[in-house]
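Comments concern the structure below.
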Amino acid sequence: MVSIYDVFYIIGTKGEIKVHDIVGYLNKSKEEYQNIFNNILILEKQGYVKRDRAIKIVHNEKSGKLFNLISFCMNNGINYNLMFKKNMLEF
């Protein structure tokens with residue numbers, strides 16, 4: 001299952017991108033398209049991305065901090081999806 005953080009990181013590293021390209025970069029099947037699109041809608045609602053002809057990151061402090069945190073996890077072999085689980089955040 002693709003998380004919103006996976007989708008956000010792909011958009012952040014690739015720049016303006018279309019949904020079907022995100023599916024390809026994540027090596028997912030076409031059946032995952034709707035799940036990825038739903039994640040984009042969540043990210044848009046939270047103010048991290050903007051949809052136009054392509055999806056792009058909204059450059060603000062909030063999205064910058066999230067991108068830096070995910071990048072840190074990726075560079076240090078930490079699973080950011082586990083780190084952002086509700087139980088872990090409460091810890």
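Just so we're on the same page: first chain in the structure tokens is A, next is B, and so on; residues restart at 1 for each chain, and ligands are numbered from 1 in the order they show up.
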
Item to complete: Determine, counting only C-alpha atoms, which protein, DNA and RNA residues have an atom within 12 Å of an atom of range 61-76 of chain A; residues of the same chain fewer than 5 positions away are not included. Present the result as a PyMOL selection string.
Response: chain A and resi 4-13+43-44+46-50+56+81-84

Item to complete: Run DSSP on the backbone and grab whatever in chain A lands in alpha helix (DSSP H); send it over as a ChimeraX atom specification.
Response: /A:4-14,19-25,33-45,61-75,80-83,86-90

Practice prompt. Do a neighbour search on Ala54 in chain A at 8 Å with only C-alpha atoms, toss out local chain neighbours closer than 3 positions, and write the hits as a VMD selection string.
Written response: chain A and resid 16 to 19 51

Write a file of the just-selected residues containing N, CA, C and O atoms, as an mmCIF file, in the first residue's frame.
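Writing the result to selection-v7.cif gives the following:
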data_model
loop_
_atom_site.group_PDB
_atom_site.id
_atom_site.type_symbol
_atom_site.label_atom_id
_atom_site.label_comp_id
_atom_site.auth_asym_id
_atom_site.auth_seq_id
_atom_site.Cartn_x
_atom_site.Cartn_y
_atom_site.Cartn_z
ATOM 1 N N GLU A 16 7.289 18.932 -10.829
ATOM 2 C CA GLU A 16 5.943 18.800 -11.399
ATOM 3 C C GLU A 16 5.822 17.438 -12.061
ATOM 4 O O GLU A 16 6.685 17.036 -12.841
ATOM 5 N N ILE A 17 4.743 16.761 -11.737
ATOM 6 C CA ILE A 17 4.597 15.379 -12.196
ATOM 7 C C ILE A 17 3.115 15.047 -12.335
ATOM 8 O O ILE A 17 2.274 15.641 -11.675
ATOM 9 N N LYS A 18 2.806 14.107 -13.194
ATOM 10 C CA LYS A 18 1.430 13.644 -13.378
ATOM 11 C C LYS A 18 1.239 12.354 -12.579
ATOM 12 O O LYS A 18 2.198 11.672 -12.239
ATOM 13 N N VAL A 19 -0.012 12.043 -12.298
ATOM 14 C CA VAL A 19 -0.324 10.893 -11.447
ATOM 15 C C VAL A 19 0.216 9.598 -12.047
ATOM 16 O O VAL A 19 0.821 8.789 -11.335
ATOM 17 N N ARG A 51 -2.666 20.842 -7.272
ATOM 18 C CA ARG A 51 -2.979 20.170 -8.532
ATOM 19 C C ARG A 51 -3.322 21.199 -9.590
ATOM 20 O O ARG A 51 -4.082 22.124 -9.363
#

DSSP strand (DSSP E) residues within chain A, as a short mmCIF file (atom, residue, chain, number, x, y, z; two decimals) with N, CA and C atoms, in the first residue's frame:
data_model
loop_
_atom_site.label_atom_id
_atom_site.label_comp_id
_atom_site.auth_asym_id
_atom_site.auth_seq_id
_atom_site.Cartn_x
_atom_site.Cartn_y
_atom_site.Cartn_z
N VAL A 49 0.56 19.93 -1.44
CA VAL A 49 0.71 19.93 -2.89
C VAL A 49 -0.42 20.74 -3.53
N LYS A 50 -0.20 21.05 -4.80
CA LYS A 50 -1.21 21.77 -5.58
C LYS A 50 -1.40 21.01 -6.89
N ARG A 51 -2.67 20.84 -7.27
CA ARG A 51 -2.98 20.17 -8.53
C ARG A 51 -3.32 21.20 -9.59
N ILE A 55 0.95 17.82 -10.77
CA ILE A 55 0.97 18.00 -9.32
C ILE A 55 2.33 18.55 -8.93
N LYS A 56 2.34 19.54 -8.05
CA LYS A 56 3.61 20.11 -7.60
C LYS A 56 3.53 20.43 -6.11
N ILE A 57 4.68 20.52 -5.50
CA ILE A 57 4.79 20.83 -4.08
C ILE A 57 4.46 22.30 -3.85
#

Worksheet item: What is the CA of His20 in chain A-CA of Tyr33 in chain A distance in Å, reported with one decimal?
Response: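 CA of His20 in chain A sits 7.0 Å away from CA of Tyr33 in chain A.
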
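Between Val23 in chain A and the candidates A:Val2, A:Asn79, A:Leu41, A:Asn60, the tightest atom-to-atom separation, counting only C-alpha atoms, involves A:Val2.
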
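With only C-alpha atoms as the basis for measurement, A:Ser3 is the residue among A:Lys14, A:Ser3, A:Tyr80, A:Asn87 that approaches Glu32 in chain A most closely.
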
Fill in: For CA of Lys45 in chain A and CA of Ile78 in chain A, the interatomic separation in Å (one decimal)
26.7 Å
